[in-house]
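Listing of my_file-v7.cif, mmCIF, C-alpha atoms
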data_work
#
loop_
_atom_site.label_atom_id
_atom_site.label_comp_id
_atom_site.auth_asym_id
_atom_site.auth_seq_id
_atom_site.Cartn_x
_atom_site.Cartn_y
_atom_site.Cartn_z
CA MET A 167 20.29 9.41 31.09
CA THR A 168 17.77 12.14 31.56
CA THR A 169 14.12 11.35 31.19
CA ASN A 170 12.93 14.94 31.20
CA ASP A 171 14.54 17.26 28.72
CA VAL A 172 13.43 20.80 28.21
CA SER A 173 13.73 21.50 24.52
CA HIS A 174 13.70 18.72 21.95
CA GLY A 175 12.57 15.86 24.15
CA ALA A 176 14.32 12.99 25.77
CA ASP A 177 17.64 11.30 25.13
CA ARG A 178 15.94 8.37 23.49
CA ALA A 179 19.12 6.89 22.08
CA HIS A 180 20.08 5.94 25.62
CA GLY A 181 16.75 4.56 26.74
CA GLY A 182 15.19 7.89 27.67
CA HIS A 183 11.61 8.91 26.93
CA SER A 184 9.29 11.92 26.96
CA HIS A 185 8.09 12.95 30.38
CA HIS A 186 4.46 12.16 29.73
CA PHE A 187 5.22 8.46 29.32
CA ASP A 188 6.03 5.96 32.07
CA SER A 189 8.88 4.36 30.18
CA ALA A 190 10.52 4.12 26.76
CA GLU A 191 8.54 0.93 26.15
CA HIS A 192 5.32 2.79 26.97
CA GLU A 193 6.24 5.56 24.52
CA TYR A 194 7.08 3.05 21.78
CA SER A 195 3.83 1.11 22.14
CA SER A 196 1.79 4.35 22.25
CA ASP A 197 3.49 5.57 19.06
CA LYS A 198 2.71 2.31 17.34
CA GLU A 199 -0.89 2.33 18.48
CA GLY A 200 -1.29 5.78 16.96
CA LEU A 201 0.29 4.56 13.75
CA TRP A 202 -2.05 1.61 13.44
CA LEU A 203 -5.05 3.89 14.01
CA PHE A 204 -3.72 6.03 11.16
CA MET A 205 -3.36 2.89 9.02
CA VAL A 206 -7.04 2.10 9.63
CA THR A 207 -7.98 5.52 8.23
CA GLU A 208 -5.81 4.74 5.19
CA ILE A 209 -7.49 1.36 4.72
CA LEU A 210 -10.93 2.98 4.91
CA MET A 211 -10.00 5.83 2.54
CA PHE A 212 -8.72 3.49 -0.18
CA GLY A 213 -11.42 1.00 0.82
CA GLY A 214 -14.14 3.42 -0.28
CA LEU A 215 -12.60 3.62 -3.74
CA PHE A 216 -12.26 -0.17 -3.91
CA VAL A 217 -15.95 -0.53 -3.03
CA ALA A 218 -16.84 1.95 -5.80
CA TYR A 219 -14.69 -0.12 -8.18
CA ALA A 220 -16.41 -3.36 -7.10
CA ILE A 221 -19.92 -1.97 -7.53
CA PHE A 222 -19.38 -0.38 -10.95
CA HIS A 223 -17.43 -3.42 -12.10
CA SER A 224 -20.35 -5.66 -11.20
CA ILE A 225 -22.74 -3.40 -13.14
CA TYR A 226 -20.55 -2.83 -16.24
CA PRO A 227 -18.12 -5.78 -16.50
CA GLU A 228 -17.58 -5.41 -20.27
CA MET A 229 -16.88 -1.70 -20.00
CA PHE A 230 -14.22 -2.44 -17.36
CA SER A 231 -12.63 -5.01 -19.69
CA GLU A 232 -12.46 -2.39 -22.41
CA GLY A 233 -10.87 0.05 -19.96
CA ALA A 234 -8.25 -2.46 -18.83
CA SER A 235 -7.40 -3.21 -22.49
CA HIS A 236 -6.15 0.39 -22.77
CA LEU A 237 -3.62 -0.26 -20.00
CA ASP A 238 -0.30 -2.02 -20.50
CA TRP A 239 -0.19 -4.69 -17.78
CA ARG A 240 3.60 -4.97 -18.16
CA MET A 241 3.96 -1.43 -16.76
CA GLY A 242 1.85 -2.35 -13.72
CA PHE A 243 3.77 -5.62 -13.41
CA VAL A 244 7.17 -3.89 -13.38
CA ASN A 245 5.89 -1.38 -10.84
CA THR A 246 4.61 -4.20 -8.63
CA LEU A 247 8.09 -5.75 -8.58
CA VAL A 248 9.64 -2.32 -7.93
CA LEU A 249 7.36 -1.72 -4.93
CA ILE A 250 7.90 -5.21 -3.48
CA THR A 251 11.67 -4.70 -3.71
CA SER A 252 11.30 -1.30 -2.07
CA SER A 253 9.30 -2.90 0.74
CA LEU A 254 12.16 -5.33 1.29
CA THR A 255 14.79 -2.57 1.41
CA MET A 256 12.54 -0.58 3.77
CA ALA A 257 12.28 -3.59 6.09
CA LEU A 258 16.08 -3.95 5.92
CA GLY A 259 16.43 -0.24 6.74
CA ILE A 260 14.58 -0.94 10.00
CA TYR A 261 16.44 -4.21 10.59
CA TYR A 262 19.90 -2.64 10.35
CA ASN A 263 18.87 0.19 12.66
CA GLN A 264 17.75 -2.47 15.14
CA GLN A 265 21.18 -4.11 14.72
CA ASN A 266 23.11 -0.87 15.36
CA GLN A 267 24.39 -0.75 11.77
CA PRO A 268 23.33 2.74 10.64
CA LYS A 269 25.44 2.70 7.46
CA LYS A 270 23.70 -0.34 6.07
CA ALA A 271 20.37 1.04 7.26
CA PHE A 272 21.09 4.33 5.49
CA TRP A 273 21.90 2.70 2.15
CA ASN A 274 18.82 0.51 2.31
CA LEU A 275 16.69 3.58 2.94
CA ILE A 276 18.33 5.34 -0.02
CA ALA A 277 17.59 2.27 -2.16
CA THR A 278 13.95 2.47 -1.04
CA LEU A 279 13.87 6.13 -2.04
CA LEU A 280 15.31 5.39 -5.49
CA LEU A 281 12.83 2.55 -6.05
CA GLY A 282 10.03 4.97 -5.14
CA CYS A 283 11.44 7.28 -7.83
CA CYS A 284 11.42 4.40 -10.35
CA PHE A 285 7.78 3.75 -9.54
CA LEU A 286 6.80 7.36 -10.16
CA VAL A 287 8.82 7.58 -13.39
CA VAL A 288 6.95 4.54 -14.78
CA LYS A 289 3.68 6.11 -13.59
CA TYR A 290 4.64 9.39 -15.33
CA PHE A 291 5.13 7.61 -18.66
CA GLU A 292 1.84 5.77 -18.20
CA TYR A 293 -0.11 8.95 -17.44
CA THR A 294 1.40 11.00 -20.27
CA GLY A 295 0.80 8.07 -22.65
CA LYS A 296 -2.87 8.04 -21.63
CA PHE A 297 -3.22 11.81 -22.00
CA HIS A 298 -1.56 11.60 -25.42
CA HIS A 299 -4.30 9.19 -26.56
CA GLY A 300 -7.09 11.39 -25.22
CA ILE A 301 -7.70 9.23 -22.17
CA PHE A 302 -8.86 11.38 -19.26
CA PRO A 303 -11.12 10.68 -16.26
CA GLY A 304 -14.91 10.87 -16.50
CA ARG A 305 -16.50 13.12 -19.07
CA LEU A 306 -13.10 14.63 -19.93
CA LEU A 307 -12.37 11.45 -21.90
CA ASN A 308 -11.94 12.44 -25.56
CA MET A 309 -14.69 10.46 -27.31
CA GLU A 310 -13.43 11.20 -30.86
CA MET A 311 -9.86 10.18 -30.11
CA VAL A 312 -10.62 7.09 -28.03
CA ASN A 313 -13.77 6.07 -29.93
CA PRO A 314 -14.86 3.69 -27.17
CA ILE A 315 -17.29 0.76 -27.56
CA HIS A 316 -18.91 1.69 -24.27
CA GLN A 317 -20.06 5.29 -23.96
CA ASN A 318 -19.38 5.35 -20.20
CA LEU A 319 -15.70 4.34 -20.48
CA GLY A 320 -14.84 7.60 -18.70
CA LEU A 321 -16.15 6.00 -15.50
CA TYR A 322 -13.42 3.35 -15.61
CA PHE A 323 -10.75 5.97 -16.12
CA GLY A 324 -12.27 8.14 -13.39
CA LEU A 325 -11.62 5.25 -11.03
CA TYR A 326 -8.23 4.50 -12.59
CA PHE A 327 -6.92 8.04 -12.22
CA SER A 328 -8.35 8.67 -8.76
CA MET A 329 -7.13 5.35 -7.35
CA THR A 330 -3.64 5.42 -8.89
CA GLY A 331 -3.43 9.20 -8.35
CA LEU A 332 -4.21 8.96 -4.64
CA HIS A 333 -1.75 6.07 -4.44
CA GLY A 334 0.88 8.11 -6.29
CA ILE A 335 0.49 10.97 -3.80
CA HIS A 336 1.07 8.44 -1.03
CA VAL A 337 4.26 7.28 -2.76
CA LEU A 338 5.44 10.91 -2.92
CA VAL A 339 4.66 11.53 0.76
CA GLY A 340 6.31 8.23 1.68
CA MET A 341 9.45 9.23 -0.22
CA GLY A 342 9.62 12.50 1.72
CA LEU A 343 9.30 10.60 5.00
CA ILE A 344 11.95 8.07 3.94
CA ALA A 345 14.34 10.92 3.06
CA TRP A 346 13.73 12.32 6.56
CA VAL A 347 14.50 9.05 8.40
CA ALA A 348 17.46 8.38 6.07
CA ILE A 349 19.01 11.71 7.09
CA ARG A 350 18.34 10.97 10.76
CA THR A 351 19.84 7.49 10.34
CA TYR A 352 22.92 9.09 8.74
CA LYS A 353 23.21 11.47 11.69
CA GLY A 354 23.18 8.50 14.04
CA HIS A 355 19.87 9.25 15.74
CA PHE A 356 18.77 5.63 15.86
CA ASN A 357 19.97 2.41 17.46
CA SER A 358 18.61 -0.86 18.81
CA HIS A 359 16.91 1.03 21.67
CA TYR A 360 15.28 3.72 19.61
CA PHE A 361 14.10 3.47 16.00
CA THR A 362 10.41 4.41 16.28
CA PRO A 363 10.37 6.94 13.38
CA VAL A 364 11.92 4.40 10.96
CA GLU A 365 9.45 1.76 12.11
CA GLY A 366 6.56 4.18 11.62
CA VAL A 367 7.65 5.33 8.17
CA GLY A 368 8.15 1.66 7.30
CA ILE A 369 4.57 0.79 8.25
CA PHE A 370 3.32 3.68 6.11
CA TRP A 371 5.48 2.61 3.15
CA HIS A 372 4.25 -0.98 3.43
CA ILE A 373 0.60 0.07 3.39
CA VAL A 374 1.36 1.97 0.17
CA ASP A 375 2.79 -1.28 -1.22
CA LEU A 376 -0.27 -3.12 0.10
CA VAL A 377 -2.68 -0.86 -1.79
CA TRP A 378 -0.73 -1.37 -5.01
CA ILE A 379 -0.84 -5.16 -4.52
CA PHE A 380 -4.63 -4.86 -4.96
CA LEU A 381 -4.60 -2.08 -7.57
CA PHE A 382 -2.39 -3.98 -10.01
CA PRO A 383 -4.60 -7.05 -10.64
CA LEU A 384 -7.87 -5.11 -10.33
CA LEU A 385 -7.04 -2.31 -12.76
CA TYR A 386 -4.54 -3.86 -15.18
CA LEU A 387 -5.51 -7.53 -15.34
CA VAL A 388 -9.13 -8.18 -14.42
CA GLY A 389 -10.45 -4.85 -15.58
CA MET B 1309 13.14 -0.96 25.93
CA SER B 1310 15.31 -3.86 25.02
CA GLN B 1311 12.70 -6.47 24.21
CA HIS B 1312 11.99 -5.56 20.57
CA HIS B 1313 11.40 -8.60 18.47
CA VAL B 1314 13.86 -8.58 15.58
CA ILE B 1315 12.80 -10.63 12.58
CA PRO B 1316 15.80 -12.49 11.10
CA LEU B 1317 17.11 -11.37 7.70
CA LYS B 1318 16.35 -14.75 6.17
CA THR B 1319 12.64 -14.30 6.88
CA TYR B 1320 12.57 -10.94 5.08
CA PHE B 1321 14.22 -12.43 1.97
CA LYS B 1322 11.88 -15.43 2.01
CA VAL B 1323 8.83 -13.17 2.25
CA ALA B 1324 10.10 -10.97 -0.60
CA GLY B 1325 10.75 -14.10 -2.68
CA ALA B 1326 7.21 -15.32 -2.03
CA LEU B 1327 5.81 -11.91 -3.03
CA PHE B 1328 7.77 -12.02 -6.29
CA ALA B 1329 6.58 -15.56 -7.01
CA LEU B 1330 2.95 -14.64 -6.30
CA THR B 1331 3.20 -11.62 -8.62
CA PHE B 1332 4.38 -13.92 -11.43
CA LEU B 1333 1.56 -16.33 -10.53
CA THR B 1334 -0.98 -13.49 -10.91
CA VAL B 1335 0.25 -12.82 -14.43
CA ILE B 1336 0.33 -16.55 -15.32
CA PHE B 1337 -3.31 -16.93 -14.25
CA HIS B 1338 -4.15 -13.81 -16.25
CA GLU B 1339 -2.60 -15.32 -19.39
CA LEU B 1340 -4.67 -18.51 -18.94
CA HIS B 1341 -7.88 -16.45 -19.49
CA LEU B 1342 -10.06 -18.16 -16.92
CA GLY B 1343 -13.10 -15.98 -17.54
CA ALA B 1344 -15.38 -15.59 -14.55
CA LEU B 1345 -12.82 -17.18 -12.22
CA ALA B 1346 -10.10 -14.68 -13.17
CA GLY B 1347 -11.35 -11.99 -10.78
CA PRO B 1348 -11.67 -14.14 -7.63
CA ILE B 1349 -8.30 -15.84 -8.29
CA ALA B 1350 -6.49 -12.51 -8.78
CA PHE B 1351 -8.12 -11.18 -5.61
CA LEU B 1352 -7.21 -14.30 -3.63
CA ILE B 1353 -3.53 -14.08 -4.64
CA ALA B 1354 -3.53 -10.36 -3.75
CA ALA B 1355 -5.02 -11.21 -0.34
CA VAL B 1356 -2.25 -13.76 0.33
CA LYS B 1357 0.37 -11.16 -0.66
CA ALA B 1358 -1.28 -8.57 1.57
CA ALA B 1359 -1.24 -11.00 4.51
CA LEU B 1360 2.51 -11.61 4.01
CA VAL B 1361 3.23 -7.87 3.95
CA LEU B 1362 1.10 -7.25 7.05
CA LEU B 1363 2.46 -10.14 9.12
CA TYR B 1364 6.17 -9.84 8.34
CA PHE B 1365 7.04 -6.47 6.80
CA MET B 1366 4.63 -4.59 9.05
CA HIS B 1367 5.53 -6.85 12.00
CA LEU B 1368 1.88 -7.49 12.86
CA LYS B 1369 2.69 -11.12 13.62
CA TYR B 1370 4.86 -10.06 16.53
CA ASP B 1371 2.83 -7.02 17.54
CA ASN B 1372 0.53 -6.85 20.56
CA MET B 1373 -3.13 -7.82 20.53
CA GLN B 1374 -4.24 -4.18 20.69
CA ASN B 1375 -2.69 -3.26 17.34
CA ARG B 1376 -4.00 -6.44 15.75
CA VAL B 1377 -7.52 -5.58 16.93
CA ILE B 1378 -7.14 -2.01 15.63
CA PHE B 1379 -6.15 -3.35 12.21
CA GLY B 1380 -8.98 -5.91 12.38
CA SER B 1381 -11.49 -3.16 13.09
CA GLY B 1382 -10.45 -1.43 9.86
CA VAL B 1383 -11.02 -4.60 7.89
CA PHE B 1384 -14.33 -5.17 9.69
CA PHE B 1385 -15.71 -1.74 8.81
CA LEU B 1386 -14.52 -2.10 5.22
CA ALA B 1387 -16.33 -5.46 5.04
CA LEU B 1388 -19.44 -3.78 6.45
CA LEU B 1389 -19.26 -1.10 3.75
CA ILE B 1390 -18.82 -3.67 0.98
CA GLY B 1391 -21.52 -5.95 2.41
CA PHE B 1392 -24.25 -3.36 2.74
CA SER B 1393 -23.38 -1.67 -0.56
CA ALA B 1394 -23.59 -5.03 -2.31
CA LEU B 1395 -26.92 -5.81 -0.63
CA ASP B 1396 -28.27 -2.47 -1.76
CA ILE B 1397 -27.10 -2.71 -5.37
CA TRP B 1398 -28.00 -6.34 -5.96
CA THR B 1399 -31.44 -6.25 -4.38
CA ARG B 1400 -32.67 -3.25 -6.35
CA ILE B 1401 -35.59 -3.93 -8.66
CA GLN B 1402 -34.18 -3.51 -12.14
CA ASN B 1403 -37.46 -2.59 -13.88
CA ILE B 1404 -37.91 0.97 -14.94
CA SER B 1405 -40.94 2.61 -13.37
CA THR B 1406 -44.09 2.48 -15.50
CA LEU B 1407 -45.20 5.87 -14.26
#
Structure re-expressed in structure tokens:
Amino acid sequence: MTTNDVSHGADRAHGGHSHHFDSAEHEYSSDKEGLWLFMVTEILMFGGLFVAYAIFHSIYPEMFSEGASHLDWRMGFVNTLVLITSSLTMALGIYYNQQNQPKKAFWNLIATLLLGCCFLVVKYFEYTGKFHHGIFPGRLLNMEMVNPIHQNLGLYFGLYFSMTGLHGIHVLVGMGLIAWVAIRTYKGHFNSHYFTPVEGVGIFWHIVDLVWIFLFPLLYLVG
Amino acid sequence: MSQHHVIPLKTYFKVAGALFALTFLTVIFHELHLGALAGPIAFLIAAVKAALVLLYFMHLKYDNMQNRVIFGSGVFFLALLIGFSALDIWTRIQNISTL
């Protein structure tokens, strides 16, 4: 049980920790503190867009209704269910690592990855459908094709594409991270003493779910 | 580090079930066409769902005070941004200058 390895760090699987921490518990709580600070930056980044949405919605409520009428709420609804399920499988991926059952953890992480894929496939069909009908953000919106009631409809779709686009990039990044911890789970790197990377990726994945929980009603339903 | 709090499986399934139910509830309220109330109701349901995700999936309920305060600070500064932006927008004089 070395606490001070030279190359790749400590033997964490057996209660070890990096040399610049007092204990494994200290390392774990420091990692999580860093993660939560990162989550705050995520909240503030998406928060800025939500504030922009709130302000323009309060100024042009009818234009937002028209924008939302171009979206199919069933697509957003299905994607909400997909993301909630993926959040559950992610939580189970952590749970089974905590229970020293890496096989079950691995398959739950793979399920999370596949659900992330589902989400992006639905998003792909939504985006291409919009492009097909001349719906683009801001002044790129095709006025002849869309023939909108409100001349500033591009504003709604500017918000729609930037908010769902930024969210979509987060889904992609999250999937990459999940693939990474799934491989490490498969290799047996984690157990009840050490699962910090899975926990961290989980927190990131859940914040992605969290953002969508607000995006769905605001963009698809209320408009 | 042996003292990690492990949330029982049953809790995870209950939370997921509640999130599913609340998603259906969002759509049901949408179909009722409540007009001006639709927005606040949809937001309220989303806030309840967000709280469930934060407390159970993100383990904030069992986390230490420090991480809870860090998260709270994010919400606080977001509220500050919304508050002052709203004050600015809604207290502007709407008349166009006569100059």
Where does the PyMOL selection byres ((chain A) within 7 of (chain B)) land in this file, that is, which residues does it pick, as a list in words?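 On this input, the PyMOL selection byres ((chain A) within 7 of (chain B)) captures Gly181, Ala190, Glu191, Glu199, Trp202, Leu203, Val206, Ile209, Leu210, Gly213, Val217, Leu247, Ile250, Leu254, Ala257, His359, Ile369, His372, Leu376, Ile379, Phe380, Pro383, Leu387 and Val388 of chain A.
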Taking 4 positions as the minimum chain separation for residues in the same chain, which residues sit within 12 Å of Glu228 of chain A when counting all atoms listed in the file? Answer as an NGL selection string. (:A and (222-224 or 232-235 or 314-319 or 322 or 388-389)) or (:B and (1343-1344))
Point-to-point distance from atom CA of Phe302 of chain A to atom CA of Gly320 of chain A, Å rounded to tenths: 7.1 Å
So how far away is atom CA of Asn274 of chain A from atom CA of Met211 of chain A, in Å?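 That distance, rounded to one decimal, is 29.3 Å.
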Which residue out of A:Gly214, A:Gly259, A:Gly200, A:Gly295 has the minimum interatomic distance to His236 of chain A when all atoms listed in the file are used?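 Using all atoms listed in the file, the shortest distance to His236 of chain A belongs to A:Gly295.
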Atom CA of Asn263 of chain A to atom CA of Asn357 of chain A: how many Å, to one decimal? 5.4 Å
What would the selection look like, as number ranges by chain, if the PyMOL selection byres ((chain A and resi 337) around 9) were run on the coordinates I just shared? A: 282-283, 285-286, 332-336, 338-342, 371, 374-375
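The shortest atom-to-atom distance to Thr362 of chain A, with all atoms listed in the file taken into account, belongs to A:Tyr261 out of A:Tyr261, A:Trp378, A:Phe216, A:Phe204.
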Using all atoms listed in the file for the distances, tell me which of A:Val287, A:Leu321, A:Ile349, A:Ile301 is nearest to Asn245 of chain A.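 Nearest candidate to Asn245 of chain A out of A:Val287, A:Leu321, A:Ile349, A:Ile301: A:Val287.
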Distance query Pro363 of chain A at most 9 Å, only C-alpha atoms, self and fewer than 5 positions along chain excluded, as number ranges by chain: A: 347, 356, 368
